[in-house]
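Okay, query_23.txt is below, compact mmCIF, C-alpha atoms:
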# COMPACT_ATOMS: atom_id res chain seq x y z
CA MET E 1 -77.44 -84.57 -26.78
CA PRO E 2 -78.63 -81.08 -27.67
CA ASN E 3 -75.95 -78.69 -28.86
CA THR E 4 -77.04 -75.12 -29.45
CA VAL E 5 -74.89 -72.37 -30.95
CA ARG E 6 -76.46 -68.95 -31.46
CA LEU E 7 -75.09 -65.59 -32.52
CA GLN E 8 -77.44 -62.74 -31.85
CA ARG E 9 -77.64 -59.01 -31.38
CA GLU E 10 -80.22 -59.17 -28.59
CA ASP E 11 -79.62 -60.04 -24.95
CA PHE E 12 -80.26 -63.52 -23.50
CA ASP E 13 -81.49 -64.90 -20.18
CA PRO E 14 -78.97 -67.39 -18.69
CA ALA E 15 -81.53 -68.91 -16.32
CA ALA E 16 -84.07 -69.49 -19.10
CA GLU E 17 -81.37 -71.03 -21.34
CA SER E 18 -80.28 -73.35 -18.52
CA ALA E 19 -83.88 -74.39 -17.86
CA ALA E 20 -84.36 -75.10 -21.58
CA LEU E 21 -81.23 -77.27 -21.64
CA THR E 22 -82.32 -79.44 -18.71
CA HIS E 23 -86.09 -79.45 -19.31
CA GLY E 24 -87.55 -82.96 -19.07
CA ARG E 25 -84.13 -84.56 -18.49
CA THR E 26 -83.23 -86.84 -15.58
CA ASP E 27 -79.83 -87.97 -16.87
CA ILE E 28 -78.16 -84.59 -16.27
CA GLY E 29 -76.51 -84.28 -12.87
CA ALA E 30 -74.53 -81.07 -13.40
CA VAL E 31 -74.83 -77.87 -15.40
CA VAL E 32 -72.05 -75.31 -15.42
CA SER E 33 -73.09 -71.85 -16.56
CA PHE E 34 -70.63 -69.13 -17.50
CA THR E 35 -71.82 -65.64 -18.42
CA GLY E 36 -69.39 -63.03 -19.70
CA ILE E 37 -70.58 -59.50 -18.82
CA CYS E 38 -69.49 -56.11 -20.13
CA ARG E 39 -67.49 -54.27 -17.42
CA GLY E 40 -67.96 -50.56 -16.87
CA ALA E 41 -64.23 -49.85 -16.69
CA GLU E 42 -61.01 -51.09 -18.26
CA SER E 43 -57.78 -50.62 -16.27
CA GLY E 44 -59.54 -48.10 -14.05
CA ALA E 45 -60.90 -45.98 -16.93
CA PRO E 46 -64.67 -45.93 -17.43
CA ILE E 47 -66.05 -47.18 -20.75
CA ALA E 48 -69.32 -46.26 -22.47
CA ALA E 49 -69.83 -49.46 -24.47
CA LEU E 50 -68.26 -52.36 -26.34
CA THR E 51 -69.05 -53.04 -29.97
CA LEU E 52 -68.46 -56.59 -31.12
CA GLU E 53 -67.68 -57.20 -34.77
CA HIS E 54 -67.83 -60.78 -36.03
CA TYR E 55 -67.26 -62.84 -39.16
CA PRO E 56 -70.73 -64.10 -40.08
CA GLY E 57 -70.62 -67.65 -41.38
CA MET E 58 -67.26 -68.41 -39.83
CA ALA E 59 -68.04 -67.47 -36.21
CA GLU E 60 -70.87 -69.96 -35.90
CA ALA E 61 -68.91 -72.72 -37.69
CA GLU E 62 -65.81 -72.15 -35.56
CA ILE E 63 -67.79 -72.30 -32.31
CA ALA E 64 -69.60 -75.43 -33.52
CA ARG E 65 -66.23 -77.09 -34.24
CA HIS E 66 -65.12 -76.42 -30.65
CA VAL E 67 -68.43 -77.69 -29.28
CA ASP E 68 -67.82 -80.92 -31.25
CA ASP E 69 -64.30 -81.04 -29.86
CA ALA E 70 -65.64 -80.60 -26.29
CA ASN E 71 -68.12 -83.43 -26.88
CA ALA E 72 -65.28 -85.66 -28.09
CA ARG E 73 -63.21 -84.91 -24.97
CA TRP E 74 -65.83 -85.13 -22.23
CA PRO E 75 -69.06 -87.11 -21.69
CA LEU E 76 -71.39 -84.14 -22.14
CA LEU E 77 -75.18 -84.31 -22.21
CA GLY E 78 -75.77 -80.89 -23.74
CA VAL E 79 -74.01 -77.65 -24.63
CA THR E 80 -75.35 -74.16 -25.26
CA VAL E 81 -73.18 -71.31 -26.54
CA ILE E 82 -74.66 -67.88 -27.20
CA HIS E 83 -72.45 -65.00 -28.32
CA ARG E 84 -73.76 -61.50 -28.88
CA TYR E 85 -72.52 -59.02 -31.46
CA GLY E 86 -73.18 -55.31 -31.98
CA ARG E 87 -73.17 -52.62 -29.29
CA ILE E 88 -73.22 -53.79 -25.66
CA VAL E 89 -73.27 -51.44 -22.68
CA PRO E 90 -71.77 -52.07 -19.22
CA GLY E 91 -73.79 -54.55 -17.18
CA GLU E 92 -75.14 -56.36 -20.23
CA ASN E 93 -74.35 -59.97 -21.12
CA ILE E 94 -71.84 -60.75 -23.88
CA VAL E 95 -71.49 -64.52 -23.95
CA LEU E 96 -73.08 -67.60 -22.40
CA VAL E 97 -71.61 -71.10 -22.14
CA LEU E 98 -73.68 -73.91 -20.61
CA THR E 99 -72.31 -77.42 -20.29
CA ALA E 100 -74.33 -80.34 -18.96
CA SER E 101 -73.06 -83.73 -17.84
CA SER E 102 -73.81 -86.52 -15.36
CA HIS E 103 -71.11 -85.23 -13.03
CA ARG E 104 -69.52 -81.88 -12.37
CA GLU E 105 -65.93 -82.57 -13.50
CA ALA E 106 -66.75 -82.85 -17.19
CA ALA E 107 -69.13 -79.87 -17.07
CA PHE E 108 -66.56 -77.58 -15.38
CA ALA E 109 -63.71 -78.66 -17.67
CA ALA E 110 -65.75 -78.33 -20.86
CA ALA E 111 -67.02 -74.84 -19.94
CA ASP E 112 -63.46 -73.70 -19.20
CA PHE E 113 -62.22 -75.21 -22.48
CA LEU E 114 -64.97 -73.59 -24.53
CA MET E 115 -64.39 -70.15 -23.02
CA ASP E 116 -60.64 -70.37 -23.66
CA PHE E 117 -61.32 -71.12 -27.31
CA LEU E 118 -64.00 -68.47 -27.67
CA LYS E 119 -61.43 -65.93 -26.47
CA THR E 120 -58.70 -66.94 -28.90
CA ARG E 121 -60.26 -68.68 -31.92
CA ALA E 122 -63.81 -67.42 -32.43
CA PRO E 123 -63.72 -64.59 -34.99
CA PHE E 124 -64.99 -61.70 -32.85
CA TRP E 125 -63.31 -58.35 -32.24
CA LYS E 126 -64.16 -55.94 -29.43
CA GLN E 127 -64.02 -52.21 -29.88
CA VAL E 128 -64.17 -50.00 -26.79
CA GLU E 129 -66.08 -46.75 -26.74
CA ALA E 130 -64.64 -44.45 -24.06
CA ALA E 131 -64.24 -40.71 -23.57
CA GLY E 132 -65.75 -40.03 -26.99
CA THR E 133 -63.29 -42.16 -28.95
CA THR E 134 -63.12 -45.80 -30.03
CA SER E 135 -60.23 -48.25 -29.89
CA TRP E 136 -59.78 -51.95 -30.62
CA VAL E 137 -59.20 -54.25 -27.68
CA GLU E 138 -55.80 -55.95 -27.95
CA ALA E 139 -55.59 -59.71 -27.64
CA LYS E 140 -54.12 -60.84 -24.33
CA ASP E 141 -51.16 -63.22 -24.06
CA ALA E 142 -52.86 -64.66 -20.97
CA ASP E 143 -55.79 -65.80 -23.14
CA ASP E 144 -53.44 -67.54 -25.58
CA ALA E 145 -51.66 -69.21 -22.67
CA ALA E 146 -55.01 -70.37 -21.27
CA ALA E 147 -56.01 -71.88 -24.63
CA GLY E 148 -52.56 -73.48 -24.91
CA ARG E 149 -53.18 -75.52 -21.76
CA TRP E 150 -55.67 -77.66 -23.66
CA ARG E 151 -53.21 -78.38 -26.46
CA LYS E 152 -50.70 -79.67 -23.89
CA ASP E 153 -53.41 -81.75 -22.25
CA ARG E 154 -54.21 -83.24 -25.58
CA GLN E 155 -50.56 -84.00 -26.41
CA ALA E 156 -50.13 -85.66 -23.03
CA ALA E 157 -53.21 -87.81 -23.64
CA GLU E 158 -52.16 -88.91 -27.13
CA MET N 1 -61.12 -64.60 -55.35
CA LYS N 2 -62.99 -62.81 -52.61
CA LEU N 3 -61.04 -61.08 -49.85
CA ILE N 4 -62.70 -59.99 -46.60
CA TYR N 5 -61.26 -57.77 -43.89
CA PHE N 6 -62.24 -57.31 -40.26
CA ALA N 7 -61.64 -54.91 -37.36
CA TRP N 8 -58.59 -52.62 -37.75
CA VAL N 9 -57.44 -54.43 -40.89
CA ARG N 10 -60.76 -53.41 -42.45
CA GLU N 11 -60.46 -49.85 -41.14
CA ARG N 12 -56.91 -49.39 -42.43
CA ILE N 13 -57.73 -50.74 -45.90
CA GLY N 14 -61.01 -48.86 -45.97
CA LYS N 15 -62.97 -51.77 -47.45
CA THR N 16 -65.06 -54.59 -46.06
CA GLU N 17 -64.42 -56.93 -48.99
CA GLU N 18 -63.27 -57.03 -52.60
CA GLU N 19 -62.74 -59.37 -55.55
CA VAL N 20 -59.19 -59.76 -56.82
CA SER N 21 -57.45 -61.63 -59.65
CA LEU N 22 -54.06 -62.80 -58.47
CA PRO N 23 -50.88 -63.31 -60.46
CA GLU N 24 -49.75 -66.96 -60.48
CA GLN N 25 -46.69 -66.38 -58.32
CA VAL N 26 -48.94 -65.46 -55.37
CA ALA N 27 -49.06 -68.95 -53.88
CA THR N 28 -49.42 -68.64 -50.10
CA VAL N 29 -51.15 -66.45 -47.54
CA ASN N 30 -47.79 -64.75 -46.91
CA ASP N 31 -47.40 -64.08 -50.64
CA LEU N 32 -50.88 -62.61 -50.72
CA MET N 33 -50.16 -60.24 -47.82
CA ALA N 34 -46.96 -59.11 -49.55
CA TRP N 35 -48.81 -58.62 -52.85
CA LEU N 36 -51.58 -56.64 -51.15
CA SER N 37 -49.00 -54.47 -49.36
CA GLY N 38 -47.78 -53.32 -52.77
CA ARG N 39 -51.23 -52.10 -53.82
CA GLY N 40 -51.14 -48.84 -51.91
CA GLU N 41 -50.40 -47.05 -48.68
CA GLU N 42 -53.59 -48.22 -47.00
CA TYR N 43 -52.71 -51.88 -47.65
CA ALA N 44 -49.08 -51.36 -46.62
CA HIS N 45 -50.34 -49.84 -43.38
CA ALA N 46 -52.74 -52.73 -42.73
CA PHE N 47 -50.07 -55.38 -43.33
CA GLU N 48 -47.04 -53.51 -41.93
CA ASN N 49 -46.77 -56.06 -39.11
CA ALA N 50 -47.86 -59.12 -41.08
CA LYS N 51 -46.81 -61.50 -38.27
CA VAL N 52 -49.75 -60.44 -36.13
CA ILE N 53 -52.36 -60.72 -38.89
CA ARG N 54 -54.49 -63.87 -38.85
CA ALA N 55 -56.04 -65.45 -41.92
CA ALA N 56 -58.89 -67.78 -42.73
CA ILE N 57 -59.46 -69.64 -45.99
CA ASP N 58 -63.06 -70.54 -46.72
CA ARG N 59 -63.95 -69.76 -43.11
CA ARG N 60 -61.28 -71.89 -41.42
CA HIS N 61 -58.19 -70.60 -39.62
CA VAL N 62 -54.97 -71.18 -41.55
CA LYS N 63 -51.28 -70.51 -40.99
CA SER N 64 -49.57 -67.88 -43.09
CA ASP N 65 -47.56 -70.42 -45.11
CA THR N 66 -50.75 -72.14 -46.31
CA ALA N 67 -51.26 -72.43 -50.07
CA ILE N 68 -54.19 -70.40 -51.36
CA LYS N 69 -54.85 -72.38 -54.53
CA GLY N 70 -58.54 -73.18 -54.90
CA ALA N 71 -59.63 -70.76 -52.16
CA ARG N 72 -62.94 -68.98 -52.73
CA GLU N 73 -62.81 -66.61 -49.77
CA ILE N 74 -59.79 -65.41 -47.79
CA ALA N 75 -60.22 -63.28 -44.70
CA PHE N 76 -57.61 -61.18 -42.89
CA PHE N 77 -58.05 -59.94 -39.34
CA PRO N 78 -56.24 -59.07 -36.10
CA PRO N 79 -55.94 -61.56 -33.22
CA MET N 80 -59.43 -62.29 -31.95
CA THR N 81 -60.89 -60.73 -28.81
CA GLY N 82 -64.27 -62.43 -28.36
CA GLY N 83 -65.73 -64.20 -25.35

Is it possible to express this structure as structure tokens?
Amino acid sequence: MPNTVRLQREDFDPAAESAALTHGRTDIGAVVSFTGICRGAESGAPIAALTLEHYPGMAEAEIARHVDDANARWPLLGVTVIHRYGRIVPGENIVLVLTASSHREAAFAAADFLMDFLKTRAPFWKQVEAAGTTSWVEAKDADDAAAGRWRKDRQAAE
Amino acid sequence: MKLIYFAWVRERIGKTEEEVSLPEQVATVNDLMAWLSGRGEEYAHAFENAKVIRAAIDRRHVKSDTAIKGAREIAFFPPMTGG
């Protein structure tokens, strides 16, 4: 099964990535596609841009470990994760997760799982540019709680 | 040993990375943060709330009580905000 992890500065095309994942395949019955997009406002205040800093070398390895984990948990037929870094303006894509499987349940669950872990474990940090100043985005407890769900699931299964 | 800093930890220290030689009694990630805090105001500022700082040894997440013996590269950073 093809697993693709890419970190890149440039934008991506979710439809083209999805087509590439399923091209020539007749075993795939479901693809879930999640695209994270830069919002133009945070808590009602407009923002000019986000700048994403990352840990080269670790970011790719950490995402790949979670893709392996997703493959171990669900019967997936392909996964694509693309995460951008650098300066991103409102309306532009930030992250793409594609999960393919025979049936929808595994594809939905694996995409949800991967996004929860990208939020809390992938070494990326967002800086907001707004009103002429910059500030670091604070991690959200809700994201940690979302990632924690999967640990409980795992404990229950073991 | 190579130390690497990211996001506001990097900004507070004012360096992206550095090479350090550690005294033997610096055995864990916690010890290392305490040792760094004693190197100057900028380090003390970066590690003033050490509980929130995350660490990675050789590009894998570790807990703060992890032993650092044999590590080639240790990174310090705030909680992650990707995705």

Residues of chain E no more than 6 Å from chain N, counting all atoms listed in the file: send them over as a PyMOL selection string. chain E and resi 58+95+118-120+123-126+139

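Take the candidates N:Met1, N:Ala46, N:Met33, N:Ala67 and check each one against N:Lys15 using all atoms listed in the file; the shortest distance goes to N:Ala46.
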
What is the distance, in Å and to one decimal place, between atom CA of E:Ala59 and atom CA of E:Leu7? 8.2 Å

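Using all atoms listed in the file, the smallest distance between any of E:Pro46, E:Gly57, E:Pro75, E:Pro14 and E:Gly29 comes from E:Pro75.
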
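Counting only C-alpha atoms and comparing N:Arg10, N:Phe47, N:Val52, N:Ala27, the residue that lies closest to E:Glu138 is N:Val52.
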
Find the residues near E:Ala109: any atom within 10 Å, counting all atoms listed in the file, skip ones fewer than 2 places away on the same chain, and give them as a PyMOL selection string. chain E and resi 32+70+73-74+99+104-107+111-114

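The gap separating atom CA of E:Tyr55 from atom CA of E:Val5 is 14.7 Å, in Å to one decimal.
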
Extract, using only C-alpha atoms, all DNA, RNA and protein residues at most 10 Å from N:Pro23, discarding same-chain residues fewer than 3 positions from it, and format them as an MDAnalysis selection string. chainID N and resid 20 26:27 32 35

I'd like to know which of N:Ile57, N:Glu42, N:Ala50, N:Val62 is closest to N:Leu3, using all atoms listed in the file. N:Ile57

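The space separating atom CA of E:Pro90 from atom CA of E:Thr4 comes to 25.8 Å.
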
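Taking all atoms listed in the file into account, E:Asp13 lies nearest to E:Ser33 out of the set E:Val137, E:Asp69, E:Leu52, E:Ser33.
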
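Proximity of E:Thr35, E:Thr134, E:Thr80, E:Asn71 to E:Thr22, computed with only C-alpha atoms, is greatest for E:Thr80.
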
Need to verify the contact set: N:Ser64, 8 Å, all atoms listed in the file, exclusion of same-chain residues closer than 4 positions in sequence. Can you return it as a list of chain:residue names? N:Thr28, N:Val29, N:Asn30, N:Arg54, N:Ala55

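For the point (-64.6, -49.4, -29.8), the residues with at least one atom inside 10 Å, counting all atoms listed in the file, are Ile47, Ala48, Ala49, Leu50, Thr51, Leu52, Glu53, Arg87, Trp125, Lys126, Gln127, Val128, Glu129, Ala130, Gly132, Thr133, Thr134, Ser135, Trp136 and Val137 of chain E; Ala7 of chain N.
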
Pick out the residues sitting within 8 Å of E:Ala147, and hand them over as a ChimeraX atom specification; count all atoms listed in the file, and ignore anything fewer than 2 positions along from it in its own chain. /E:113,116-117,120,143-145,149-151
